[in-house]
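Undergrad: File name start-v3.txt; file contents compact mmCIF, C-alpha atoms and all ligand atoms; full text below.
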# COMPACT_ATOMS: atom_id res chain seq x y z
CA MET A 607 25.18 144.04 -169.16
CA ASP A 608 28.89 144.66 -169.79
CA GLN A 609 31.43 142.49 -168.00
CA SER A 610 33.01 143.23 -164.63
CA LYS A 611 36.72 144.01 -164.24
CA GLU A 612 37.13 140.61 -162.56
CA GLN A 613 35.50 138.90 -165.55
CA ARG A 614 37.89 140.77 -167.87
CA ILE A 615 40.83 139.55 -165.77
CA LEU A 616 39.53 135.97 -166.16
CA ASN A 617 39.13 136.51 -169.92
CA SER A 618 42.74 137.65 -170.16
CA VAL A 619 43.95 134.63 -168.17
CA SER A 620 41.91 132.09 -170.11
CA TYR A 621 43.09 133.61 -173.40
CA ASN A 622 46.78 134.16 -172.59
CA ALA A 623 47.90 131.86 -169.78
CA VAL A 624 49.38 128.39 -170.27
CA LYS A 625 46.95 125.87 -168.74
CA GLY A 626 48.39 124.14 -165.68
CA ASP A 627 51.21 126.67 -165.32
CA PRO A 628 50.71 128.82 -162.18
CA GLU A 629 53.59 131.16 -163.06
CA SER A 630 52.03 132.00 -166.42
CA VAL A 631 48.68 132.73 -164.74
CA LEU A 632 50.38 135.04 -162.22
CA ASN A 633 52.35 136.79 -164.98
CA CYS A 634 49.20 137.23 -167.04
CA ILE A 635 47.27 138.84 -164.17
CA ASP A 636 50.21 141.07 -163.25
CA LYS A 637 50.57 142.17 -166.87
CA TYR A 638 46.84 142.85 -167.30
CA CYS A 639 46.47 144.72 -163.99
CA GLY A 640 49.76 146.56 -164.39
CA GLN A 641 48.98 147.74 -167.93
CA TYR A 642 45.19 147.88 -168.35
CA GLU A 643 43.10 147.77 -165.19
CA TRP A 644 44.50 148.08 -161.68
CA ALA A 645 43.11 145.45 -159.31
CA MET A 646 43.79 144.61 -155.66
CA ASN A 647 45.88 141.48 -156.19
CA VAL A 648 48.86 141.27 -153.85
CA GLY A 649 50.93 141.56 -157.04
CA ASP A 650 54.44 140.56 -158.12
CA GLU A 651 56.45 142.77 -155.76
CA LYS A 652 54.63 141.97 -152.48
CA GLY A 653 54.15 138.47 -153.89
CA ILE A 654 57.86 137.80 -153.32
CA ILE A 655 57.41 138.55 -149.60
CA LEU A 656 54.36 136.28 -149.56
CA ASP A 657 56.36 133.53 -151.29
CA LYS A 658 59.24 133.77 -148.81
CA THR A 659 56.88 133.69 -145.82
CA VAL A 660 55.01 130.65 -147.18
CA GLU A 661 58.35 128.89 -147.75
CA GLU A 662 59.39 129.73 -144.18
CA ALA A 663 56.07 128.41 -142.81
CA ASP A 664 56.05 125.35 -145.12
CA PRO A 665 52.40 124.92 -144.11
CA THR A 666 50.35 121.71 -144.13
CA VAL A 667 47.17 123.76 -143.57
CA ALA A 668 47.07 127.39 -144.73
CA LEU A 669 44.22 129.90 -144.51
CA GLU A 670 43.65 133.00 -146.64
CA MET A 671 40.97 135.64 -146.00
CA GLY A 672 39.88 137.52 -149.10
CA THR A 673 40.16 135.27 -152.17
CA TYR A 674 39.13 137.99 -154.65
CA CYS A 675 40.29 136.63 -158.06
CA GLY A 676 42.50 133.91 -156.62
CA TYR A 677 45.88 135.53 -157.37
CA SER A 678 47.34 135.04 -153.86
CA ALA A 679 45.68 131.64 -153.55
CA ILE A 680 47.72 130.60 -156.61
CA ARG A 681 50.89 132.17 -155.17
CA ILE A 682 50.44 130.22 -151.94
CA ALA A 683 49.14 126.92 -153.37
CA ARG A 684 51.94 126.62 -155.97
CA LEU A 685 54.44 126.42 -153.07
CA LEU A 686 52.57 123.84 -150.97
CA LYS A 687 54.06 120.39 -150.43
CA PRO A 688 52.03 117.31 -151.51
CA ASN A 689 48.94 116.77 -149.28
CA ALA A 690 49.13 120.34 -147.97
CA ARG A 691 46.02 122.47 -148.51
CA LEU A 692 44.86 126.09 -148.64
CA LEU A 693 41.46 127.21 -147.38
CA SER A 694 40.43 130.58 -148.80
CA ILE A 695 37.44 132.54 -147.46
CA GLU A 696 35.48 134.88 -149.75
CA PHE A 697 32.04 136.40 -149.22
CA ASN A 698 31.34 138.08 -152.57
CA PRO A 699 29.46 135.51 -154.70
CA GLU A 700 30.46 137.38 -157.87
CA PHE A 701 34.16 136.71 -157.30
CA ILE A 702 33.96 133.04 -156.33
CA PRO A 703 33.32 131.46 -159.76
CA ILE A 704 35.97 133.74 -161.27
CA ALA A 705 38.55 132.76 -158.65
CA LYS A 706 37.66 129.07 -159.05
CA GLU A 707 38.14 129.26 -162.82
CA ILE A 708 41.47 131.10 -162.53
CA ILE A 709 42.74 128.61 -159.94
CA GLU A 710 41.59 125.77 -162.22
CA ILE A 711 43.53 127.25 -165.15
CA ALA A 712 46.59 127.33 -162.88
CA GLY A 713 46.04 123.61 -162.23
CA LEU A 714 45.75 124.10 -158.47
CA SER A 715 42.09 123.26 -157.80
CA GLU A 716 43.07 120.15 -155.82
CA LYS A 717 45.04 122.21 -153.31
CA VAL A 718 42.65 125.13 -152.81
CA THR A 719 39.23 125.08 -151.15
CA ILE A 720 37.29 128.33 -151.54
CA ILE A 721 34.80 128.74 -148.69
CA GLU A 722 31.94 131.16 -149.36
CA GLY A 723 31.01 133.32 -146.41
CA HIS A 724 32.15 135.98 -143.98
CA SER A 725 35.41 135.22 -142.18
CA GLN A 726 33.77 135.87 -138.82
CA ASP A 727 31.19 133.16 -139.55
CA ILE A 728 33.58 130.66 -141.17
CA ILE A 729 36.47 130.80 -138.67
CA PRO A 730 34.38 129.19 -135.87
CA GLN A 731 33.49 126.36 -138.28
CA LEU A 732 37.03 125.50 -139.37
CA LYS A 733 37.71 122.83 -136.74
CA LYS A 734 34.53 120.84 -137.02
CA LYS A 735 33.26 121.46 -140.55
CA TYR A 736 36.65 121.80 -142.32
CA GLU A 737 38.62 119.35 -140.16
CA VAL A 738 41.29 121.86 -139.23
CA GLU A 739 43.31 121.22 -136.09
CA THR A 740 45.54 124.29 -136.18
CA LEU A 741 46.66 126.67 -138.93
CA ASP A 742 50.34 126.79 -139.91
CA PHE A 743 50.00 129.91 -142.05
CA VAL A 744 47.37 132.67 -142.38
CA PHE A 745 47.31 135.37 -145.08
CA LEU A 746 45.14 138.39 -144.19
CA ASP A 747 44.06 140.39 -147.26
CA HIS A 748 40.34 141.04 -146.74
CA TRP A 749 38.61 144.14 -145.26
CA LYS A 750 41.30 145.84 -143.25
CA GLU A 751 39.12 146.48 -140.18
CA ARG A 752 38.53 142.73 -139.99
CA TYR A 753 42.22 141.90 -139.51
CA ALA A 754 42.27 142.49 -135.72
CA PRO A 755 38.90 140.95 -134.78
CA ASP A 756 39.55 137.91 -136.98
CA THR A 757 43.01 137.39 -135.47
CA ILE A 758 41.43 137.43 -132.00
CA LEU A 759 38.77 135.01 -133.26
CA LEU A 760 41.47 132.65 -134.60
CA GLU A 761 43.05 132.65 -131.13
CA GLU A 762 39.73 132.14 -129.35
CA CYS A 763 38.85 129.21 -131.62
CA GLY A 764 42.17 127.53 -130.77
CA LEU A 765 43.29 127.64 -134.40
CA LEU A 766 46.78 129.03 -133.73
CA ARG A 767 49.65 126.98 -132.33
CA LYS A 768 53.20 127.86 -131.21
CA GLY A 769 54.88 129.00 -134.42
CA SER A 770 51.78 129.73 -136.52
CA ILE A 771 52.74 132.48 -138.97
CA LEU A 772 50.35 135.31 -139.88
CA LEU A 773 51.13 137.61 -142.83
CA ALA A 774 49.01 140.73 -143.38
CA ASP A 775 48.86 142.80 -146.58
CA ASN A 776 48.29 146.59 -146.79
CA ILE A 777 49.63 147.69 -143.43
CA VAL A 778 50.46 151.13 -144.85
CA TYR A 779 47.95 151.46 -147.71
CA PRO A 780 45.00 151.27 -147.20
CA GLY A 781 46.32 150.58 -143.67
CA ALA A 782 45.25 148.37 -140.78
CA PRO A 783 45.98 150.50 -137.68
CA GLU A 784 43.87 148.53 -135.19
CA PHE A 785 45.56 145.31 -136.28
CA ILE A 786 49.03 146.83 -135.90
CA LYS A 787 48.14 148.24 -132.48
CA TYR A 788 46.81 144.85 -131.34
CA ILE A 789 49.52 142.61 -132.70
CA ARG A 790 52.54 144.74 -131.75
CA SER A 791 51.33 145.32 -128.18
CA ASN A 792 50.61 141.60 -127.66
CA SER A 793 53.62 139.78 -126.20
CA ARG A 794 52.39 136.50 -127.69
CA TYR A 795 53.32 137.69 -131.18
CA GLU A 796 56.77 138.30 -132.66
CA CYS A 797 56.24 140.93 -135.35
CA THR A 798 58.31 141.89 -138.38
CA SER A 799 57.44 144.71 -140.78
CA TYR A 800 58.34 144.49 -144.49
CA PRO A 801 58.26 147.92 -146.20
CA THR A 802 57.28 147.50 -149.85
CA PHE A 803 55.04 149.08 -152.49
CA LEU A 804 51.37 148.87 -153.36
CA GLU A 805 50.61 146.45 -156.16
CA TYR A 806 51.31 147.94 -159.64
CA MET A 807 51.82 151.45 -158.15
CA LYS A 808 54.62 153.74 -156.86
CA VAL A 809 52.79 154.04 -153.54
CA GLU A 810 54.36 152.89 -150.28
CA ASP A 811 52.86 149.92 -148.53
CA ALA A 812 54.05 147.28 -146.04
CA MET A 813 53.35 143.74 -145.00
CA GLU A 814 53.47 142.55 -141.38
CA LYS A 815 54.52 139.10 -140.29
CA ALA A 816 53.37 137.98 -136.84
CA VAL A 817 54.53 134.66 -135.39
CA TYR A 818 52.24 133.34 -132.64
CA MET A 819 54.30 132.22 -129.65
CA GLY A 820 51.46 130.39 -127.91
N1 LIG B 1 35.04 139.41 -143.77
C1 LIG B 1 35.24 138.91 -144.99
N2 LIG B 1 35.05 137.60 -145.22
C2 LIG B 1 35.28 137.10 -146.45
N3 LIG B 1 35.67 137.82 -147.52
C3 LIG B 1 35.87 139.13 -147.32
C4 LIG B 1 35.67 139.73 -146.07
N4 LIG B 1 35.96 141.04 -146.18
C5 LIG B 1 36.31 141.26 -147.47
N5 LIG B 1 36.26 140.09 -148.15
C6 LIG B 1 36.64 139.90 -149.55
O1 LIG B 1 38.03 140.16 -149.61
C7 LIG B 1 38.33 141.06 -150.69
C8 LIG B 1 38.54 142.42 -150.13
C9 LIG B 1 39.74 142.88 -149.93
C10 LIG B 1 39.94 144.26 -149.37
N6 LIG B 1 41.20 144.74 -149.90
C11 LIG B 1 41.37 146.03 -150.09
O2 LIG B 1 40.50 146.86 -149.80
C12 LIG B 1 42.63 146.48 -150.74
C13 LIG B 1 42.68 147.78 -151.22
C14 LIG B 1 43.84 148.23 -151.86
N7 LIG B 1 43.86 149.56 -152.36
O3 LIG B 1 42.85 150.29 -152.21
O4 LIG B 1 44.91 149.99 -152.93
C15 LIG B 1 44.95 147.41 -152.02
C16 LIG B 1 44.90 146.10 -151.52
O5 LIG B 1 45.96 145.25 -151.63
C17 LIG B 1 43.75 145.64 -150.88
O6 LIG B 1 43.77 144.35 -150.36
C18 LIG B 1 37.10 141.01 -151.58
O7 LIG B 1 37.19 139.92 -152.45
C19 LIG B 1 35.99 140.86 -150.55
O8 LIG B 1 34.83 140.31 -151.12
MG MG B 2 45.77 143.58 -150.35
With the file now loaded, output its structure as C-alpha cells.
Ligand SMILES: Nc1ncnc2c1ncn2[C@@H]1O[C@H](/C=C/CNC(=O)c2cc([N+](=O)[O-])cc(O)c2O)[C@@H](O)[C@H]1O
Ligand SMILES: [Mg+2]
TA:
Amino acid sequence: MDQSKEQRILNSVSYNAVKGDPESVLNCIDKYCGQYEWAMNVGDEKGIILDKTVEEADPTVALEMGTYCGYSAIRIARLLKPNARLLSIEFNPEFIPIAKEIIEIAGLSEKVTIIEGHSQDIIPQLKKKYEVETLDFVFLDHWKERYAPDTILLEECGLLRKGSILLADNIVYPGAPEFIKYIRSNSRYECTSYPTFLEYMKVEDAMEKAVYMG
C-alpha cells in the first residue's frame, strides 16, 4: 500500500528538519507543500496572521479545531508562555499519529494535547474531562460548515469569556458563509477581516478574528 500524502510530509520533516526546532519544521512543511504536494496547512503567509493573533491573545489555554498534520499546532504552541497549553481536536485517526510525530520533532509535545474525536462531541467535555475553565484563544480550521455551530456550542458550554479571541481560516476559500453571517450579525463579537492568500497558491483567501465581548 503506498504512503499517504500526510505520511510523505512526515517523512520530509523527519528527514530534513532540525529536531527540537519548530521553525525548521514549519519551513520544511512549507517547502515540501509549496514545491511538491499542496496540503491544507495554514501556511507561511496566513501563518503570520495566526502568529500575530496568538501574540495578541497571549493565551494560557488555547483550542484548535482541525489538527491535520500539526502545522498550525506548532505555529501556536511555539509562541505559548511557560505552563500555557494548546488542545487540538482531530477526528481522522490516520492524521493523529502523523501530527503527534511532527509535533514531537518540533519539540512541542509537552504543550500540545491532541484530542481524538468530533469537535461537537469534544467541546462539551472540555470543562470536566480536560479541566478547561475558559478558552483564551480558539483557531477554527476544520470543516467549514462546523465553524458556526461549534462557535455557538463554545458559547453554550460557557467556554468563552470577555476577551476570548477566535480566529477562523478560509473565510474566502473554501469559505465559511454561515459563520460570517452569524459572527458579524452578533453584537457580542467584534470582528476584523484579514484579506490574505490561500496557502501556497495565488488564490485569494481571508481570515476572520472575532473577539467575544461577553
Ligand atoms: N468536526 C471535526 N472535528 C474534528 N476534526 C475535524 C472536524 N472536521 C474536520 N476535522 C479535521 O480537520 C481537518 C479538515 C480541515 C478542513 N479544511 C479544509 O477543507 C481546507 C481546504 C482548503 N482548500 O480546499 O484549499 C484550504 C484550507 O486551508 C482548508 O482548511 C482534517 O484534519 C479533518 O480530519
Ligand atoms: Mg485552512
Undergrad: Please report the interatomic distance between atom C10 of ligand LIG 1 (chain B) and CA of Leu804 in chain A in Å with one decimal.
TA: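 Separation of atom C10 of ligand LIG 1 (chain B) and CA of Leu804 in chain A: 13.0 Å.
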Undergrad: Record the distance separating CA of Leu656 in chain A and CA of Asp727 in chain A, expressed in Å with one decimal.
TA: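 Calculated distance between CA of Leu656 in chain A and CA of Asp727 in chain A is 25.4 Å.
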Undergrad: Quick one: everything within 12 Å of Asn622 in chain A, counting all atoms listed in the file, minus sequence neighbours fewer than 6 positions away in the same chain. Send it as a JSON list (two decimals) with C-alpha atoms, keeping the file's coordinate frame.
TA:
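Final output, saved to out11.json:
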[["chain", "number", "residue", "atom", "x", "y", "z"],
["A", 615, "ILE", "CA", 40.83, 139.55, -165.77],
["A", 616, "LEU", "CA", 39.53, 135.97, -166.16],
["A", 630, "SER", "CA", 52.03, 132.00, -166.42],
["A", 631, "VAL", "CA", 48.68, 132.73, -164.74],
["A", 632, "LEU", "CA", 50.38, 135.04, -162.22],
["A", 633, "ASN", "CA", 52.35, 136.79, -164.98],
["A", 634, "CYS", "CA", 49.20, 137.23, -167.04],
["A", 635, "ILE", "CA", 47.27, 138.84, -164.17],
["A", 637, "LYS", "CA", 50.57, 142.17, -166.87],
["A", 638, "TYR", "CA", 46.84, 142.85, -167.30],
["A", 708, "ILE", "CA", 41.47, 131.10, -162.53],
["A", 711, "ILE", "CA", 43.53, 127.25, -165.15],
["A", 712, "ALA", "CA", 46.59, 127.33, -162.88]]
Undergrad: Using only C-alpha atoms, can you tell me which of A:Ser618, A:Thr740, A:Ser694, A:Ser799 comes closest to Arg767 in chain A?
TA: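 Going through A:Ser618, A:Thr740, A:Ser694, A:Ser799 one by one, the smallest distance to Arg767 in chain A is for A:Thr740.
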Undergrad: So, with all atoms listed in the file as the atoms that count, which of A:Met807, A:Val660, A:Ala679, A:Asn792 lies closest to Trp644 in chain A?
TA: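 Comparing A:Met807, A:Val660, A:Ala679, A:Asn792 against Trp644 in chain A, the winner is A:Met807.
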Undergrad: Quick one: contact table of chain A to ligand MG 2 (chain B), 6 Å max, nearest atom pair and distance in Å to one decimal per residue, counting only C-alpha atoms and all ligand atoms, chain and number order, as JSON lines?
TA:
{"residue": "A:Met646", "atom": "CA", "partner": "B:MG2", "partner_atom": "MG", "distance": 5.8}
{"residue": "A:Val648", "atom": "CA", "partner": "B:MG2", "partner_atom": "MG", "distance": 5.2}
{"residue": "A:Asp747", "atom": "CA", "partner": "B:MG2", "partner_atom": "MG", "distance": 4.8}
{"residue": "A:Asp775", "atom": "CA", "partner": "B:MG2", "partner_atom": "MG", "distance": 4.9}
{"residue": "A:Asn776", "atom": "CA", "partner": "B:MG2", "partner_atom": "MG", "distance": 5.3}
Undergrad: To check your reading of the model: which residues sit at most 10 Å from ligand LIG 1 (chain B) when counting all atoms listed in the file? Write the answer as a PDB file with C-alpha atoms, in the coordinates of the input.
TA:
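Contents of result_22.pdb, freshly written:
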ATOM      1  CA  TRP A 644      44.500 148.080-161.680  1.00  0.00           C
ATOM      2  CA  ALA A 645      43.110 145.450-159.310  1.00  0.00           C
ATOM      3  CA  MET A 646      43.790 144.610-155.660  1.00  0.00           C
ATOM      4  CA  ASN A 647      45.880 141.480-156.190  1.00  0.00           C
ATOM      5  CA  VAL A 648      48.860 141.270-153.850  1.00  0.00           C
ATOM      6  CA  GLY A 649      50.930 141.560-157.040  1.00  0.00           C
ATOM      7  CA  LYS A 652      54.630 141.970-152.480  1.00  0.00           C
ATOM      8  CA  GLU A 670      43.650 133.000-146.640  1.00  0.00           C
ATOM      9  CA  MET A 671      40.970 135.640-146.000  1.00  0.00           C
ATOM     10  CA  GLY A 672      39.880 137.520-149.100  1.00  0.00           C
ATOM     11  CA  THR A 673      40.160 135.270-152.170  1.00  0.00           C
ATOM     12  CA  TYR A 674      39.130 137.990-154.650  1.00  0.00           C
ATOM     13  CA  CYS A 675      40.290 136.630-158.060  1.00  0.00           C
ATOM     14  CA  GLY A 676      42.500 133.910-156.620  1.00  0.00           C
ATOM     15  CA  SER A 694      40.430 130.580-148.800  1.00  0.00           C
ATOM     16  CA  ILE A 695      37.440 132.540-147.460  1.00  0.00           C
ATOM     17  CA  GLU A 696      35.480 134.880-149.750  1.00  0.00           C
ATOM     18  CA  PHE A 697      32.040 136.400-149.220  1.00  0.00           C
ATOM     19  CA  ASN A 698      31.340 138.080-152.570  1.00  0.00           C
ATOM     20  CA  PRO A 699      29.460 135.510-154.700  1.00  0.00           C
ATOM     21  CA  GLU A 700      30.460 137.380-157.870  1.00  0.00           C
ATOM     22  CA  PHE A 701      34.160 136.710-157.300  1.00  0.00           C
ATOM     23  CA  ILE A 702      33.960 133.040-156.330  1.00  0.00           C
ATOM     24  CA  ALA A 705      38.550 132.760-158.650  1.00  0.00           C
ATOM     25  CA  ILE A 721      34.800 128.740-148.690  1.00  0.00           C
ATOM     26  CA  GLU A 722      31.940 131.160-149.360  1.00  0.00           C
ATOM     27  CA  GLY A 723      31.010 133.320-146.410  1.00  0.00           C
ATOM     28  CA  HIS A 724      32.150 135.980-143.980  1.00  0.00           C
ATOM     29  CA  SER A 725      35.410 135.220-142.180  1.00  0.00           C
ATOM     30  CA  GLN A 726      33.770 135.870-138.820  1.00  0.00           C
ATOM     31  CA  ASP A 727      31.190 133.160-139.550  1.00  0.00           C
ATOM     32  CA  ILE A 728      33.580 130.660-141.170  1.00  0.00           C
ATOM     33  CA  ILE A 729      36.470 130.800-138.670  1.00  0.00           C
ATOM     34  CA  LEU A 746      45.140 138.390-144.190  1.00  0.00           C
ATOM     35  CA  ASP A 747      44.060 140.390-147.260  1.00  0.00           C
ATOM     36  CA  HIS A 748      40.340 141.040-146.740  1.00  0.00           C
ATOM     37  CA  TRP A 749      38.610 144.140-145.260  1.00  0.00           C
ATOM     38  CA  LYS A 750      41.300 145.840-143.250  1.00  0.00           C
ATOM     39  CA  GLU A 751      39.120 146.480-140.180  1.00  0.00           C
ATOM     40  CA  ARG A 752      38.530 142.730-139.990  1.00  0.00           C
ATOM     41  CA  TYR A 753      42.220 141.900-139.510  1.00  0.00           C
ATOM     42  CA  PRO A 755      38.900 140.950-134.780  1.00  0.00           C
ATOM     43  CA  ASP A 756      39.550 137.910-136.980  1.00  0.00           C
ATOM     44  CA  ALA A 774      49.010 140.730-143.380  1.00  0.00           C
ATOM     45  CA  ASP A 775      48.860 142.800-146.580  1.00  0.00           C
ATOM     46  CA  ASN A 776      48.290 146.590-146.790  1.00  0.00           C
ATOM     47  CA  ILE A 777      49.630 147.690-143.430  1.00  0.00           C
ATOM     48  CA  VAL A 778      50.460 151.130-144.850  1.00  0.00           C
ATOM     49  CA  TYR A 779      47.950 151.460-147.710  1.00  0.00           C
ATOM     50  CA  PRO A 780      45.000 151.270-147.200  1.00  0.00           C
ATOM     51  CA  GLY A 781      46.320 150.580-143.670  1.00  0.00           C
ATOM     52  CA  PHE A 803      55.040 149.080-152.490  1.00  0.00           C
ATOM     53  CA  LEU A 804      51.370 148.870-153.360  1.00  0.00           C
ATOM     54  CA  GLU A 805      50.610 146.450-156.160  1.00  0.00           C
ATOM     55  CA  TYR A 806      51.310 147.940-159.640  1.00  0.00           C
ATOM     56  CA  MET A 807      51.820 151.450-158.150  1.00  0.00           C
ATOM     57  CA  VAL A 809      52.790 154.040-153.540  1.00  0.00           C
ATOM     58  CA  ASP A 811      52.860 149.920-148.530  1.00  0.00           C
TER      59      ASP A 811
END
Undergrad: Just the number, please: distance in Å from CA of Asn689 in chain A to CA of Ile720 in chain A, one decimal.
TA: 16.6 Å
Undergrad: Rank A:Glu784, A:Glu716, A:Glu661, A:Glu761 by their smallest atom-to-atom distance to Leu693 in chain A, using all atoms listed in the file, and report the top residue only.
TA: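 Counting all atoms listed in the file, the residue closest to Leu693 in chain A is A:Glu716.
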Undergrad: With a distance cut-off of 8 Å and only C-alpha atoms, select the neighbouring residues of Val744 in chain A, excluding the residue or stretch itself and same-chain residues fewer than 4 positions from it, and output the selection as number ranges by chain.
TA: A: 668-671, 770-773
Undergrad: Those residues with C-alpha atoms, as a PDB file, in the coordinates of the input please?
TA:
ATOM      1  CA  ALA A 668      47.070 127.390-144.730  1.00  0.00           C
ATOM      2  CA  LEU A 669      44.220 129.900-144.510  1.00  0.00           C
ATOM      3  CA  GLU A 670      43.650 133.000-146.640  1.00  0.00           C
ATOM      4  CA  MET A 671      40.970 135.640-146.000  1.00  0.00           C
ATOM      5  CA  SER A 770      51.780 129.730-136.520  1.00  0.00           C
ATOM      6  CA  ILE A 771      52.740 132.480-138.970  1.00  0.00           C
ATOM      7  CA  LEU A 772      50.350 135.310-139.880  1.00  0.00           C
ATOM      8  CA  LEU A 773      51.130 137.610-142.830  1.00  0.00           C
TER       9      LEU A 773
END
